[in-house]
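Asks: Pasting start36.cif here (mmCIF, N, CA and C atoms):
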data_work
loop_
_atom_site.label_atom_id
_atom_site.label_comp_id
_atom_site.auth_asym_id
_atom_site.auth_seq_id
_atom_site.Cartn_x
_atom_site.Cartn_y
_atom_site.Cartn_z
N MET Z 1 62.36 -21.67 19.71
CA MET Z 1 61.51 -22.84 19.86
C MET Z 1 61.52 -23.60 18.53
N ASP Z 2 61.65 -24.91 18.64
CA ASP Z 2 61.72 -25.70 17.41
C ASP Z 2 60.32 -25.97 16.84
N GLN Z 3 60.28 -26.42 15.60
CA GLN Z 3 59.02 -26.62 14.89
C GLN Z 3 58.14 -27.68 15.57
N LYS Z 4 58.76 -28.72 16.10
CA LYS Z 4 57.99 -29.79 16.75
C LYS Z 4 57.23 -29.23 17.96
N THR Z 5 57.88 -28.38 18.73
CA THR Z 5 57.23 -27.79 19.90
C THR Z 5 56.12 -26.83 19.47
N ARG Z 6 56.38 -26.03 18.44
CA ARG Z 6 55.34 -25.13 17.92
C ARG Z 6 54.13 -25.93 17.42
N ASP Z 7 54.39 -27.04 16.74
CA ASP Z 7 53.30 -27.89 16.25
C ASP Z 7 52.47 -28.45 17.40
N TYR Z 8 53.15 -28.83 18.48
CA TYR Z 8 52.46 -29.34 19.67
C TYR Z 8 51.49 -28.27 20.20
N PHE Z 9 51.99 -27.05 20.35
CA PHE Z 9 51.15 -25.97 20.89
C PHE Z 9 50.05 -25.58 19.92
N LYS Z 10 50.32 -25.64 18.64
CA LYS Z 10 49.29 -25.35 17.66
C LYS Z 10 48.14 -26.34 17.80
N GLU Z 11 48.47 -27.60 17.93
CA GLU Z 11 47.45 -28.63 18.10
C GLU Z 11 46.65 -28.41 19.39
N GLU Z 12 47.34 -28.09 20.47
CA GLU Z 12 46.66 -27.85 21.74
C GLU Z 12 45.74 -26.64 21.66
N LEU Z 13 46.21 -25.57 21.05
CA LEU Z 13 45.39 -24.37 20.91
C LEU Z 13 44.18 -24.63 20.02
N LEU Z 14 44.35 -25.37 18.95
CA LEU Z 14 43.23 -25.70 18.08
C LEU Z 14 42.20 -26.56 18.81
N LYS Z 15 42.66 -27.48 19.65
CA LYS Z 15 41.74 -28.31 20.46
C LYS Z 15 40.94 -27.42 21.41
N GLN Z 16 41.66 -26.52 22.08
CA GLN Z 16 41.01 -25.63 23.04
C GLN Z 16 39.99 -24.74 22.33
N LYS Z 17 40.34 -24.24 21.17
CA LYS Z 17 39.43 -23.41 20.39
C LYS Z 17 38.18 -24.19 20.02
N GLN Z 18 38.36 -25.42 19.57
CA GLN Z 18 37.22 -26.25 19.18
C GLN Z 18 36.30 -26.53 20.36
N GLU Z 19 36.88 -26.78 21.53
CA GLU Z 19 36.06 -27.01 22.73
C GLU Z 19 35.21 -25.80 23.05
N ILE Z 20 35.81 -24.62 22.98
CA ILE Z 20 35.07 -23.39 23.28
C ILE Z 20 33.95 -23.18 22.27
N LEU Z 21 34.26 -23.39 21.00
CA LEU Z 21 33.23 -23.22 19.96
C LEU Z 21 32.11 -24.23 20.13
N SER Z 22 32.44 -25.45 20.51
CA SER Z 22 31.41 -26.47 20.74
C SER Z 22 30.53 -26.10 21.92
N ASP Z 23 31.16 -25.62 23.00
CA ASP Z 23 30.38 -25.18 24.16
C ASP Z 23 29.46 -24.03 23.81
N ALA Z 24 29.96 -23.08 23.01
CA ALA Z 24 29.15 -21.94 22.61
C ALA Z 24 27.96 -22.39 21.77
N ALA Z 25 28.20 -23.32 20.86
CA ALA Z 25 27.11 -23.83 20.02
C ALA Z 25 26.07 -24.55 20.88
N ARG Z 26 26.55 -25.30 21.87
CA ARG Z 26 25.64 -26.01 22.77
C ARG Z 26 24.78 -25.01 23.54
N THR Z 27 25.39 -23.92 23.99
CA THR Z 27 24.66 -22.89 24.71
C THR Z 27 23.59 -22.26 23.83
N MET Z 28 23.96 -22.01 22.57
CA MET Z 28 22.98 -21.41 21.65
C MET Z 28 21.82 -22.37 21.39
N ASN Z 29 22.10 -23.65 21.39
CA ASN Z 29 21.05 -24.64 21.16
C ASN Z 29 20.17 -24.84 22.38
N GLU Z 30 20.75 -24.63 23.55
CA GLU Z 30 19.96 -24.72 24.77
C GLU Z 30 19.15 -23.44 24.88
N ARG Z 31 18.17 -23.49 25.69
CA ARG Z 31 17.33 -22.31 25.82
C ARG Z 31 17.89 -21.40 26.90
N LEU Z 32 18.40 -20.24 26.49
CA LEU Z 32 18.79 -19.22 27.46
C LEU Z 32 17.57 -18.41 27.88
N VAL Z 33 16.59 -18.41 27.05
CA VAL Z 33 15.36 -17.68 27.34
C VAL Z 33 14.23 -18.71 27.39
N VAL Z 34 13.46 -18.63 28.41
CA VAL Z 34 12.30 -19.53 28.51
C VAL Z 34 11.17 -18.85 27.75
N ALA Z 35 11.14 -19.11 26.45
CA ALA Z 35 10.18 -18.44 25.57
C ALA Z 35 8.78 -19.00 25.77
N GLY Z 36 7.86 -18.11 26.02
CA GLY Z 36 6.47 -18.50 26.11
C GLY Z 36 6.11 -19.28 27.36
N GLU Z 37 7.05 -19.45 28.27
CA GLU Z 37 6.80 -20.24 29.46
C GLU Z 37 6.66 -19.29 30.64
N GLU Z 38 5.63 -19.44 31.40
CA GLU Z 38 5.45 -18.62 32.61
C GLU Z 38 6.05 -19.37 33.79
N LEU Z 39 6.94 -18.69 34.49
CA LEU Z 39 7.51 -19.30 35.69
C LEU Z 39 6.59 -19.01 36.86
N SER Z 40 6.43 -19.98 37.72
CA SER Z 40 5.41 -19.91 38.75
C SER Z 40 5.65 -18.84 39.81
N ASP Z 41 6.87 -18.56 40.14
CA ASP Z 41 7.08 -17.54 41.17
C ASP Z 41 8.38 -16.76 40.94
N SER Z 42 8.56 -15.75 41.73
CA SER Z 42 9.71 -14.86 41.55
C SER Z 42 11.03 -15.56 41.87
N VAL Z 43 11.01 -16.56 42.73
CA VAL Z 43 12.24 -17.30 43.04
C VAL Z 43 12.70 -18.08 41.81
N ASP Z 44 11.77 -18.71 41.11
CA ASP Z 44 12.11 -19.42 39.88
C ASP Z 44 12.66 -18.46 38.84
N ARG Z 45 12.00 -17.31 38.69
CA ARG Z 45 12.46 -16.32 37.71
C ARG Z 45 13.84 -15.80 38.08
N SER Z 46 14.05 -15.54 39.34
CA SER Z 46 15.34 -15.03 39.81
C SER Z 46 16.45 -16.05 39.60
N SER Z 47 16.14 -17.29 39.91
CA SER Z 47 17.12 -18.36 39.71
C SER Z 47 17.49 -18.52 38.24
N MET Z 48 16.47 -18.48 37.38
CA MET Z 48 16.72 -18.60 35.95
C MET Z 48 17.56 -17.42 35.45
N GLU Z 49 17.26 -16.22 35.92
CA GLU Z 49 18.00 -15.03 35.50
C GLU Z 49 19.45 -15.10 35.97
N THR Z 50 19.67 -15.57 37.18
CA THR Z 50 21.03 -15.72 37.70
C THR Z 50 21.82 -16.72 36.87
N ASP Z 51 21.21 -17.85 36.56
CA ASP Z 51 21.87 -18.86 35.73
C ASP Z 51 22.18 -18.31 34.34
N ARG Z 52 21.25 -17.58 33.77
CA ARG Z 52 21.45 -17.02 32.44
C ARG Z 52 22.60 -16.00 32.45
N ASN Z 53 22.62 -15.13 33.45
CA ASN Z 53 23.69 -14.13 33.54
C ASN Z 53 25.05 -14.78 33.72
N PHE Z 54 25.10 -15.83 34.53
CA PHE Z 54 26.36 -16.55 34.72
C PHE Z 54 26.84 -17.16 33.40
N THR Z 55 25.93 -17.77 32.68
CA THR Z 55 26.28 -18.39 31.40
C THR Z 55 26.76 -17.35 30.40
N LEU Z 56 26.10 -16.22 30.36
CA LEU Z 56 26.50 -15.17 29.43
C LEU Z 56 27.87 -14.59 29.80
N ARG Z 57 28.15 -14.42 31.08
CA ARG Z 57 29.48 -13.95 31.51
C ARG Z 57 30.55 -14.96 31.13
N LEU Z 58 30.24 -16.23 31.32
CA LEU Z 58 31.19 -17.28 30.96
C LEU Z 58 31.47 -17.27 29.46
N ARG Z 59 30.44 -17.14 28.65
CA ARG Z 59 30.62 -17.10 27.20
C ARG Z 59 31.41 -15.86 26.77
N ASP Z 60 31.24 -14.74 27.48
CA ASP Z 60 32.00 -13.54 27.16
C ASP Z 60 33.49 -13.76 27.46
N ARG Z 61 33.79 -14.41 28.56
CA ARG Z 61 35.19 -14.73 28.87
C ARG Z 61 35.77 -15.66 27.82
N GLU Z 62 34.99 -16.61 27.37
CA GLU Z 62 35.45 -17.53 26.34
C GLU Z 62 35.68 -16.81 25.01
N ARG Z 63 34.84 -15.82 24.72
CA ARG Z 63 35.00 -15.02 23.50
C ARG Z 63 36.35 -14.29 23.54
N LYS Z 64 36.68 -13.75 24.68
CA LYS Z 64 37.97 -13.07 24.83
C LYS Z 64 39.13 -14.06 24.72
N LEU Z 65 38.95 -15.25 25.28
CA LEU Z 65 39.99 -16.28 25.18
C LEU Z 65 40.18 -16.72 23.73
N LEU Z 66 39.09 -16.81 22.97
CA LEU Z 66 39.20 -17.17 21.55
C LEU Z 66 40.08 -16.18 20.80
N LYS Z 67 39.94 -14.91 21.12
CA LYS Z 67 40.77 -13.89 20.47
C LYS Z 67 42.24 -14.12 20.82
N LYS Z 68 42.52 -14.45 22.09
CA LYS Z 68 43.90 -14.71 22.50
C LYS Z 68 44.44 -15.97 21.84
N ILE Z 69 43.60 -16.97 21.67
CA ILE Z 69 44.01 -18.20 20.99
C ILE Z 69 44.37 -17.90 19.54
N ASP Z 70 43.53 -17.12 18.87
CA ASP Z 70 43.83 -16.76 17.48
C ASP Z 70 45.14 -15.98 17.38
N GLU Z 71 45.38 -15.09 18.32
CA GLU Z 71 46.63 -14.33 18.32
C GLU Z 71 47.83 -15.26 18.55
N ALA Z 72 47.66 -16.24 19.45
CA ALA Z 72 48.74 -17.20 19.70
C ALA Z 72 49.01 -18.05 18.45
N LEU Z 73 47.96 -18.44 17.75
CA LEU Z 73 48.13 -19.19 16.51
C LEU Z 73 48.88 -18.36 15.46
N GLU Z 74 48.59 -17.07 15.42
CA GLU Z 74 49.33 -16.18 14.50
C GLU Z 74 50.81 -16.12 14.88
N ARG Z 75 51.08 -16.06 16.20
CA ARG Z 75 52.48 -16.02 16.65
C ARG Z 75 53.19 -17.33 16.31
N ILE Z 76 52.47 -18.44 16.34
CA ILE Z 76 53.07 -19.71 15.94
C ILE Z 76 53.47 -19.64 14.47
N GLU Z 77 52.58 -19.12 13.66
CA GLU Z 77 52.84 -19.03 12.21
C GLU Z 77 54.03 -18.11 11.91
N ASP Z 78 54.13 -17.00 12.63
CA ASP Z 78 55.24 -16.08 12.34
C ASP Z 78 56.47 -16.35 13.21
N LYS Z 79 56.41 -17.48 13.94
CA LYS Z 79 57.54 -17.98 14.73
C LYS Z 79 57.97 -17.05 15.87
N THR Z 80 57.01 -16.27 16.39
CA THR Z 80 57.29 -15.45 17.58
C THR Z 80 56.62 -16.03 18.82
N PHE Z 81 55.95 -17.17 18.66
CA PHE Z 81 55.29 -17.83 19.78
C PHE Z 81 56.34 -18.25 20.80
N GLY Z 82 56.06 -18.00 22.08
CA GLY Z 82 56.98 -18.42 23.13
C GLY Z 82 58.06 -17.42 23.43
N VAL Z 83 57.97 -16.22 22.85
CA VAL Z 83 58.94 -15.16 23.10
C VAL Z 83 58.21 -14.06 23.87
N CYS Z 84 58.79 -13.65 25.00
CA CYS Z 84 58.19 -12.62 25.84
C CYS Z 84 58.11 -11.30 25.07
N GLU Z 85 56.93 -10.70 25.09
CA GLU Z 85 56.73 -9.44 24.38
C GLU Z 85 57.46 -8.27 25.03
N LYS Z 86 57.78 -8.42 26.31
CA LYS Z 86 58.41 -7.31 27.02
C LYS Z 86 59.94 -7.38 26.96
N CYS Z 87 60.49 -8.53 27.34
CA CYS Z 87 61.96 -8.62 27.44
C CYS Z 87 62.62 -9.36 26.28
N GLY Z 88 61.82 -10.08 25.49
CA GLY Z 88 62.36 -10.80 24.34
C GLY Z 88 62.96 -12.15 24.67
N GLU Z 89 62.91 -12.55 25.93
CA GLU Z 89 63.43 -13.86 26.34
C GLU Z 89 62.38 -14.93 26.04
N ASP Z 90 62.83 -16.18 26.04
CA ASP Z 90 61.90 -17.29 25.82
C ASP Z 90 60.98 -17.45 27.04
N ILE Z 91 59.72 -17.76 26.76
CA ILE Z 91 58.77 -18.13 27.80
C ILE Z 91 58.94 -19.62 28.00
N SER Z 92 59.01 -20.05 29.25
CA SER Z 92 59.28 -21.47 29.51
C SER Z 92 58.15 -22.35 28.96
N VAL Z 93 58.53 -23.51 28.50
CA VAL Z 93 57.56 -24.46 27.96
C VAL Z 93 56.56 -24.85 29.04
N ASN Z 94 57.01 -24.98 30.29
CA ASN Z 94 56.08 -25.31 31.38
C ASN Z 94 55.02 -24.23 31.54
N ARG Z 95 55.40 -22.96 31.44
CA ARG Z 95 54.42 -21.87 31.53
C ARG Z 95 53.44 -21.95 30.35
N LEU Z 96 53.97 -22.21 29.17
CA LEU Z 96 53.11 -22.29 27.99
C LEU Z 96 52.17 -23.49 28.05
N LYS Z 97 52.59 -24.57 28.68
CA LYS Z 97 51.70 -25.73 28.83
C LYS Z 97 50.51 -25.37 29.71
N VAL Z 98 50.75 -24.55 30.73
CA VAL Z 98 49.67 -24.13 31.63
C VAL Z 98 48.82 -23.04 30.99
N ARG Z 99 49.47 -22.11 30.31
CA ARG Z 99 48.78 -20.96 29.70
C ARG Z 99 49.36 -20.71 28.31
N PRO Z 100 48.90 -21.48 27.31
CA PRO Z 100 49.50 -21.39 25.98
C PRO Z 100 49.30 -20.04 25.29
N VAL Z 101 48.43 -19.20 25.80
CA VAL Z 101 48.23 -17.88 25.20
C VAL Z 101 49.12 -16.82 25.85
N ALA Z 102 49.99 -17.24 26.77
CA ALA Z 102 50.85 -16.30 27.49
C ALA Z 102 51.73 -15.53 26.50
N THR Z 103 51.88 -14.23 26.79
CA THR Z 103 52.74 -13.38 25.97
C THR Z 103 53.91 -12.82 26.77
N LEU Z 104 53.90 -13.09 28.08
CA LEU Z 104 54.97 -12.61 28.95
C LEU Z 104 55.61 -13.78 29.68
N CYS Z 105 56.93 -13.70 29.86
CA CYS Z 105 57.60 -14.71 30.68
C CYS Z 105 57.15 -14.51 32.13
N ILE Z 106 57.44 -15.45 32.97
CA ILE Z 106 56.94 -15.40 34.34
C ILE Z 106 57.48 -14.18 35.09
N GLY Z 107 58.74 -13.82 34.86
CA GLY Z 107 59.33 -12.66 35.52
C GLY Z 107 58.63 -11.36 35.14
N CYS Z 108 58.39 -11.18 33.85
CA CYS Z 108 57.70 -9.97 33.38
C CYS Z 108 56.25 -9.95 33.83
N LYS Z 109 55.60 -11.11 33.89
CA LYS Z 109 54.22 -11.19 34.33
C LYS Z 109 54.12 -10.82 35.81
N GLU Z 110 55.06 -11.33 36.61
CA GLU Z 110 55.07 -10.99 38.03
C GLU Z 110 55.28 -9.49 38.23
N GLU Z 111 56.17 -8.91 37.44
CA GLU Z 111 56.41 -7.47 37.52
C GLU Z 111 55.16 -6.69 37.14
N GLN Z 112 54.48 -7.12 36.09
CA GLN Z 112 53.24 -6.48 35.65
C GLN Z 112 52.19 -6.51 36.76
N GLU Z 113 52.03 -7.68 37.39
CA GLU Z 113 51.03 -7.82 38.46
C GLU Z 113 51.40 -6.97 39.66
N LYS Z 114 52.69 -6.88 39.98
CA LYS Z 114 53.14 -6.05 41.09
C LYS Z 114 52.80 -4.58 40.82
N ASN Z 115 53.05 -4.12 39.59
CA ASN Z 115 52.73 -2.74 39.22
C ASN Z 115 51.23 -2.48 39.25
N GLU Z 116 50.44 -3.46 38.85
CA GLU Z 116 48.99 -3.31 38.89
C GLU Z 116 48.49 -3.18 40.33
N LYS Z 117 49.10 -3.95 41.26
CA LYS Z 117 48.72 -3.86 42.67
C LYS Z 117 49.06 -2.48 43.22
N LYS Z 118 50.21 -1.93 42.82
CA LYS Z 118 50.60 -0.59 43.28
C LYS Z 118 49.58 0.44 42.81
N LEU Z 119 49.12 0.32 41.58
CA LEU Z 119 48.16 1.27 41.03
C LEU Z 119 46.81 1.18 41.76
N MET Z 120 46.46 -0.01 42.21
CA MET Z 120 45.18 -0.21 42.90
C MET Z 120 45.23 0.25 44.35
N SER Z 121 46.42 0.38 44.90
CA SER Z 121 46.55 0.77 46.32
C SER Z 121 46.32 2.24 46.53
#
Using structure tokens, write down the structure from this file.
Replies:
Amino acid sequence: MDQKTRDYFKEELLKQKQEILSDAARTMNERLVVAGEELSDSVDRSSMETDRNFTLRLRDRERKLLKKIDEALERIEDKTFGVCEKCGEDISVNRLKVRPVATLCIGCKEEQEKNEKKLMS
């Protein structure tokens, strides 16, 4: 992969990282806990708890994605970005545009998913 393409993906990954961090900061600034406020009934409390749990699960997924973004940025720096970790072939630019944190080419990813399905059966 040439430097221009790596620079493109670096910029995209940094944008994605910034969006996640901004969303996380916004969540922290919003009230996840209704401090000192009594909710009138159990339906309100249940609804608030469901919303809070959903938000926390979403933030946990984003935390994991941030780790993958940082790892992808490291691969850009050491010039291994876009190389399949399993077979060593190039990962297509189209795949990387859809999933810039990808570490497997589409063939190896399909094989991995097939093996995972076998294990679950």
Asks: So what do you get for CA of Glu85 in chain Z versus atom N of Cys108 in chain Z, distance-wise?
Replies: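 Calculated distance between CA of Glu85 in chain Z and atom N of Cys108 in chain Z is 9.8 Å.
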Asks: Quick one: DSSP alpha helix (DSSP H) residues in range 10-109 of chain Z, as an MDAnalysis selection string?
Replies: chainID Z and resid 10:29 42:77 93:98 106:109
Asks: Rounded to one decimal place, report the CA of Val93 in chain Z-CA of Ala24 in chain Z distance in Å.
Replies: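 Interatomic distance, CA of Val93 in chain Z to CA of Ala24 in chain Z: 29.0 Å.
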Asks: Rounded to one decimal, what separation in Å do you get between CA of Arg61 in chain Z and atom C of Leu13 in chain Z?
Replies: 16.0 Å
Asks: Choose the residue, out of Z:Gly88, Z:Phe9, Z:Arg59, Z:Arg75, that has the smallest atom-to-atom separation from Arg26 in chain Z; count only C-alpha atoms.
Replies: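 Among the listed residues, Z:Arg59 lies closest to Arg26 in chain Z.
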Asks: For a cut-off of 6.5 Å around (57.8, -6.1, 31.3), file coordinates, pick out all residues using only N, CA and C atoms and list them as number ranges by chain.
Replies: Z: 86-87, 108-109, 111-112
Asks: Once you have the residues from the selection above, write them out as a short mmCIF file (atom, residue, chain, number, x, y, z; two decimals), in the coordinates of the input, restricted to N, CA and C atoms.
Replies:
data_model
loop_
_atom_site.label_atom_id
_atom_site.label_comp_id
_atom_site.auth_asym_id
_atom_site.auth_seq_id
_atom_site.Cartn_x
_atom_site.Cartn_y
_atom_site.Cartn_z
N LYS Z 86 57.78 -8.42 26.31
CA LYS Z 86 58.41 -7.31 27.02
C LYS Z 86 59.94 -7.38 26.96
N CYS Z 87 60.49 -8.53 27.34
CA CYS Z 87 61.96 -8.62 27.44
C CYS Z 87 62.62 -9.36 26.28
N CYS Z 108 58.39 -11.18 33.85
CA CYS Z 108 57.70 -9.97 33.38
C CYS Z 108 56.25 -9.95 33.83
N LYS Z 109 55.60 -11.11 33.89
CA LYS Z 109 54.22 -11.19 34.33
C LYS Z 109 54.12 -10.82 35.81
N GLU Z 111 56.17 -8.91 37.44
CA GLU Z 111 56.41 -7.47 37.52
C GLU Z 111 55.16 -6.69 37.14
N GLN Z 112 54.48 -7.12 36.09
CA GLN Z 112 53.24 -6.48 35.65
C GLN Z 112 52.19 -6.51 36.76
#
Asks: Which residues would end up in the selection if the PyMOL selection byres ((chain Z and resi 99-102) around 6) were applied here, given that I need the answer as a PyMOL selection string?
Replies: chain Z and resi 68-69+72+95-98+103-104
Asks: So, with only C-alpha atoms as the atoms that count, which of Z:Met120, Z:Val83, Z:Ile20, Z:Ile76 lies closest to Gln3 in chain Z?
Replies: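 Ranked by minimum distance to Gln3 in chain Z, first place goes to Z:Ile76.
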Asks: Which residue out of Z:Leu65, Z:Lys118, Z:Leu73, Z:Gly82 has the minimum interatomic distance to Glu19 in chain Z when only C-alpha atoms are used?
Replies: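 The shortest atom-to-atom distance to Glu19 in chain Z comes from Z:Leu65.
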